[in-house]
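As structure tokens, the structure follows; a few thoughts come after it.
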There are 2 protein chains.
Amino acid sequence: MPAPPAATPAAFIQQRNLVDQVADYLTQAIIGQRFAPGERLSEVQLARDLGVSRAPVREAARLLESRGLLVSQPRRGFFVRALDAGELADIFDLRLCLERHAMERLAGACPPEALAALRRQVEMLCEASGSGDESRRIEEDLAFHRLLIASAGNRRLLRTFEDLAHELRLCITLITKTHEAPDSIAESHHLLLDALASGDGPRCREAIDYHIGVARDSVVQSIEGARE
Amino acid sequence: MPAPPAATPAAFIQQRNLVDQVADYLTQAIIGQRFAPGERLSEVQLARDLGVSRAPVREAARLLESRGLLVSQPRRGFFVRALDAGELADIFDLRLCLERHAMERLAGACPPEALAALRRQVEMLCEASGSGDESRRIEEDLAFHRLLIASAGNRRLLRTFEDLAHELRLCITLITKTHEAPDSIAESHHLLLDALASGDGPRCREAIDYHIGVARDSVVQSIEGARE
DNA sequence: ACCGCTCAAACTGTCGACAGTCGTCAATCG
DNA sequence: CGATTGACGACTGTCGACAGTTTGAGCGGT
């Protein structure tokens, strides 16, 4: 979790309730693959490990369930979400749906300052990409797409994307290695910006279709490569 | 919530945990406007009223929060979600995004049995519309759109729509009266089916844009009419 | 009359405990 | 030897209680 610059300062200070802390811990542990996919999580053991009671653990687990990181079976408890190839395709298809919509809303009506902010974000992404810190690169990449969608001005759309982003992180952990060159990453994102700047609707659509397609293929390839 | 005929018998038995029961009660109470928008819900009072302890109430409230029916403020509790005009527009814009995507996926590749199922659903909708039971009409209408999206074959897309549907119910409660003629409802839905059957992509898009636009306008009009 | 302060009531966050349920594994029966 | 049953252990669902915080009413000062 990139510790977003806290839309409201209070939100950051208020982080001190156990439910959120446990949720953050679990999120990190899951996308950091410290729990195996499909693994059962025991409430009591988690509570013991974290030094808290079961109530916050249960509530945090419900939160993660709504975000698609855990699944619950009645009377059996919570399990780490295990994605099959079909679910993976669905996730990227929904991502395409959301980003297409944002691109379309933005095409031709993209405020210059939004474009500038997106350009800055690409730079941060390149920097992260060069740093060798893989998880930072992933977060900066997601931050770019988050910004893209936020620029469309629909907060509900943004919330849906943020929910989905948790599952995307889960997908991305499946990738063994990308080691894409920083130049290539910069270029693929600049293609999106250029399309936006041109104001050409179909071109925007084509650009985002290609971009998401590449991301999806790299995950699918990884998961199929790891199959045998 | 129409208590679906329990796809699997086991699912019917399992409904007996308090969290789900409390969640159902709260959902009904909220979309039935038995709580005012923005009203604060006291955990202890709800627990007393329902004859359960606070734990299931808290977990149910978190569930409803993830569905957008409640919002929580740390240390202050849960409040019934109050929608302003902007959020309302966002919700319908996301709905458009999702249904467009489904229509597009279906255009040209819609299995005949899916089309048949959609036709049957329109008939049920007409029947409900003629019955004068408003809440039943709403559920059948949502069921149609749910089926439309389900036909696209993306379960993640469907889940997103179902989450959104809860908020749509919240929107629809704002409408004082629709009393649309059953014939008109039938026709507006048949337009969608005809577009699908034609396999013409742009026509599909136009049809769904129009359909959602009408729904949005009727809600927006209602909320603005009720303003003064 | 208006504003700030104090304090009690109510509420949320968290905890530990109990009861019922599920999975496991050994003993039993065909 | 395979299938069934029963008991044991671990775990989830639920509960009541305590501590710290928020709220709102009452009070005193301006």
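How things are named: the first chain in the structure tokens is A, the next is B, and so on; residues count from 1 in each chain; ligands count from 1 in the order shown.
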Please produce, as a tab-separated table, a per-residue contact table for chain A versus chain D (criterion: any atom at most 12 Å away, only C-alpha atoms (C1' of nucleotides) considered), showing the nearest atom pair and its distance in Å to one decimal, sorted by chain then residue number.
residue	atom	partner	partner_atom	distance
A:Arg40	CA	D:DC11	C1'	11.5
A:Leu41	CA	D:DC11	C1'	10.7
A:Ser42	CA	D:DC11	C1'	7.6
A:Glu43	CA	D:DC11	C1'	8.2
A:Val44	CA	D:DC11	C1'	8.0
A:Gln45	CA	D:DC11	C1'	10.1
A:Arg54	CA	D:DT12	C1'	10.5
A:Ala55	CA	D:DT14	C1'	11.1
A:Arg58	CA	D:DT12	C1'	10.1
A:Ser72	CA	D:DT12	C1'	11.4
A:Gln73	CA	D:DT12	C1'	10.4
A:Pro74	CA	D:DT12	C1'	8.4
A:Arg75	CA	D:DT12	C1'	5.5
A:Arg76	CA	D:DT12	C1'	6.8
A:Gly77	CA	D:DT12	C1'	6.8
A:Phe78	CA	D:DT12	C1'	10.2
Quick one: DSSP helix (DSSP H, G or I) residues in range 26-137 of chain A, as number ranges by chain? A: 26-31, 43-50, 54-66, 85-106, 112-131, 134-137
Counting only C-alpha atoms (C1' of nucleotides), which residues of chain C sit at most 9 Å from some atom of chain A, and what is each one's closest atom pair with its distance in Å to one decimal, listed by chain and rising residue number, as JSON lines?
{"residue": "C:DG13", "atom": "C1'", "partner": "A:Asn17", "partner_atom": "CA", "distance": 7.7}
{"residue": "C:DT14", "atom": "C1'", "partner": "A:Ser53", "partner_atom": "CA", "distance": 7.3}
{"residue": "C:DC15", "atom": "C1'", "partner": "A:Ser53", "partner_atom": "CA", "distance": 6.1}
{"residue": "C:DG16", "atom": "C1'", "partner": "A:Ser53", "partner_atom": "CA", "distance": 8.2}
{"residue": "C:DT21", "atom": "C1'", "partner": "A:Arg75", "partner_atom": "CA", "distance": 7.1}
{"residue": "C:DC22", "atom": "C1'", "partner": "A:Arg76", "partner_atom": "CA", "distance": 7.3}
Written selection (N, CA and C atoms (P, O5', C5', C4', C3', O3' and C1' of nucleotides)) as a PDB file, in the first residue's frame:
ATOM      1  P    DG C  13     -15.503   2.330  16.143  1.00  0.00           P
ATOM      2  O5'  DG C  13     -14.443   1.735  17.170  1.00  0.00           O
ATOM      3  C5'  DG C  13     -13.399   2.576  17.638  1.00  0.00           C
ATOM      4  C4'  DG C  13     -12.473   1.797  18.553  1.00  0.00           C
ATOM      5  C3'  DG C  13     -11.954   0.474  17.980  1.00  0.00           C
ATOM      6  O3'  DG C  13     -10.566   0.347  18.253  1.00  0.00           O
ATOM      7  C1'  DG C  13     -13.057   0.080  20.028  1.00  0.00           C
ATOM      8  P    DT C  14      -9.716  -0.888  17.683  1.00  0.00           P
ATOM      9  O5'  DT C  14      -9.763  -1.921  18.890  1.00  0.00           O
ATOM     10  C5'  DT C  14      -9.254  -1.528  20.160  1.00  0.00           C
ATOM     11  C4'  DT C  14      -9.595  -2.556  21.207  1.00  0.00           C
ATOM     12  C3'  DT C  14      -9.244  -4.009  20.846  1.00  0.00           C
ATOM     13  O3'  DT C  14      -8.077  -4.388  21.575  1.00  0.00           O
ATOM     14  C1'  DT C  14     -11.323  -3.821  22.014  1.00  0.00           C
ATOM     15  P    DC C  15      -7.424  -5.817  21.388  1.00  0.00           P
ATOM     16  O5'  DC C  15      -8.107  -6.631  22.577  1.00  0.00           O
ATOM     17  C5'  DC C  15      -8.092  -6.098  23.887  1.00  0.00           C
ATOM     18  C4'  DC C  15      -8.980  -6.894  24.811  1.00  0.00           C
ATOM     19  C3'  DC C  15      -8.764  -8.398  24.745  1.00  0.00           C
ATOM     20  O3'  DC C  15      -8.120  -8.858  25.923  1.00  0.00           O
ATOM     21  C1'  DC C  15     -11.102  -7.828  24.792  1.00  0.00           C
ATOM     22  P    DG C  16      -7.321 -10.222  25.940  1.00  0.00           P
ATOM     23  O5'  DG C  16      -8.369 -11.202  26.642  1.00  0.00           O
ATOM     24  C5'  DG C  16      -8.864 -10.877  27.933  1.00  0.00           C
ATOM     25  C4'  DG C  16     -10.073 -11.715  28.266  1.00  0.00           C
ATOM     26  C3'  DG C  16      -9.866 -13.236  28.135  1.00  0.00           C
ATOM     27  O3'  DG C  16     -10.415 -13.877  29.283  1.00  0.00           O
ATOM     28  C1'  DG C  16     -11.733 -12.560  26.836  1.00  0.00           C
ATOM     29  P    DT C  21     -24.596 -26.709  16.142  1.00  0.00           P
ATOM     30  O5'  DT C  21     -23.282 -26.657  15.241  1.00  0.00           O
ATOM     31  C5'  DT C  21     -22.855 -25.416  14.703  1.00  0.00           C
ATOM     32  C4'  DT C  21     -21.569 -25.605  13.932  1.00  0.00           C
ATOM     33  C3'  DT C  21     -21.516 -26.866  13.077  1.00  0.00           C
ATOM     34  O3'  DT C  21     -21.054 -26.531  11.778  1.00  0.00           O
ATOM     35  C1'  DT C  21     -19.629 -26.764  14.488  1.00  0.00           C
ATOM     36  P    DC C  22     -21.109 -27.616  10.603  1.00  0.00           P
ATOM     37  O5'  DC C  22     -19.556 -27.856  10.304  1.00  0.00           O
ATOM     38  C5'  DC C  22     -18.698 -26.731  10.151  1.00  0.00           C
ATOM     39  C4'  DC C  22     -17.249 -27.178  10.114  1.00  0.00           C
ATOM     40  C3'  DC C  22     -17.011 -28.421   9.264  1.00  0.00           C
ATOM     41  O3'  DC C  22     -15.893 -28.224   8.418  1.00  0.00           O
ATOM     42  C1'  DC C  22     -16.183 -28.748  11.471  1.00  0.00           C
TER      43       DC C  22
END
Under the rule that only C-alpha atoms are counted, which of B:Ala82, B:Ala128, B:Ile31, B:Cys97 is the nearest residue to chain A?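 Smallest separation from chain A among the options: B:Cys97.
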Report as CSV: every residue of chain A with an atom at most 6 Å from chain B, its closest pair of atoms, and their distance in Å to one decimal, counting only C-alpha atoms, with rows sorted by chain and ascending residue number.
residue,atom,partner,partner_atom,distance
A:Asp90,CA,B:Asn154,CA,5.4
A:Leu94,CA,B:Leu157,CA,5.9
A:Asn154,CA,B:Asp90,CA,5.4
A:Arg156,CA,B:Asp90,CA,5.7
A:Leu157,CA,B:Leu94,CA,5.9
Which residues, written as a PyMOL selection string, have at least one atom at most 8 Å from Cys204 in chain A, with only C-alpha atoms (C1' of nucleotides) counted and residues fewer than 2 positions away on the same chain left out? chain A and resi 103-104+107+192+195-196+199-202+206-208
Include N, CA and C atoms and write out the residues we just selected as a short mmCIF file (atom, residue, chain, number, x, y, z; two decimals), in the first residue's frame.
data_model
loop_
_atom_site.label_atom_id
_atom_site.label_comp_id
_atom_site.auth_asym_id
_atom_site.auth_seq_id
_atom_site.Cartn_x
_atom_site.Cartn_y
_atom_site.Cartn_z
N MET A 103 -10.58 7.08 -20.45
CA MET A 103 -9.93 7.66 -21.63
C MET A 103 -10.96 8.36 -22.51
N GLU A 104 -12.07 7.72 -22.67
CA GLU A 104 -13.10 8.30 -23.53
C GLU A 104 -13.62 9.62 -22.97
N ALA A 107 -10.84 12.12 -23.55
CA ALA A 107 -10.45 12.44 -24.93
C ALA A 107 -11.12 13.74 -25.36
N LEU A 192 -0.03 6.66 -24.38
CA LEU A 192 -1.35 7.00 -23.84
C LEU A 192 -1.52 8.51 -23.76
N ALA A 195 -1.98 10.10 -27.15
CA ALA A 195 -3.34 9.87 -27.64
C ALA A 195 -4.30 10.83 -26.97
N LEU A 196 -4.16 10.97 -25.65
CA LEU A 196 -5.03 11.89 -24.92
C LEU A 196 -4.88 13.31 -25.44
N GLY A 199 -6.64 14.22 -28.56
CA GLY A 199 -8.09 14.41 -28.49
C GLY A 199 -8.85 13.50 -29.44
N ASP A 200 -8.14 12.56 -30.02
CA ASP A 200 -8.76 11.64 -30.98
C ASP A 200 -9.32 10.42 -30.25
N GLY A 201 -10.65 10.32 -30.20
CA GLY A 201 -11.31 9.26 -29.46
C GLY A 201 -10.86 7.86 -29.83
N PRO A 202 -11.03 7.49 -31.07
CA PRO A 202 -10.63 6.11 -31.47
C PRO A 202 -9.17 5.82 -31.19
N GLU A 206 -7.73 2.80 -28.90
CA GLU A 206 -6.73 1.87 -29.41
C GLU A 206 -5.52 1.83 -28.47
N ALA A 207 -5.12 2.99 -28.01
CA ALA A 207 -3.94 3.07 -27.15
C ALA A 207 -4.16 2.32 -25.84
N ILE A 208 -5.30 2.54 -25.22
CA ILE A 208 -5.53 1.88 -23.92
C ILE A 208 -5.75 0.39 -24.12
#
All strand (DSSP E) positions in range 53-211 of chain B, as a PDB file with C-alpha atoms, in the first residue's frame:
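Once everything was written out, this is result_39.pdb:
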ATOM      1  CA  LEU B  70     -23.383   3.081   4.883  1.00  0.00           C
ATOM      2  CA  VAL B  71     -20.389   5.255   5.560  1.00  0.00           C
ATOM      3  CA  SER B  72     -18.321   5.070   8.708  1.00  0.00           C
ATOM      4  CA  GLN B  73     -16.461   7.746  10.585  1.00  0.00           C
ATOM      5  CA  GLY B  77     -20.000   5.171  13.998  1.00  0.00           C
ATOM      6  CA  PHE B  78     -22.023   4.411  10.922  1.00  0.00           C
ATOM      7  CA  PHE B  79     -24.263   6.737   8.957  1.00  0.00           C
ATOM      8  CA  VAL B  80     -26.796   6.047   6.253  1.00  0.00           C
TER       9      VAL B  80
END
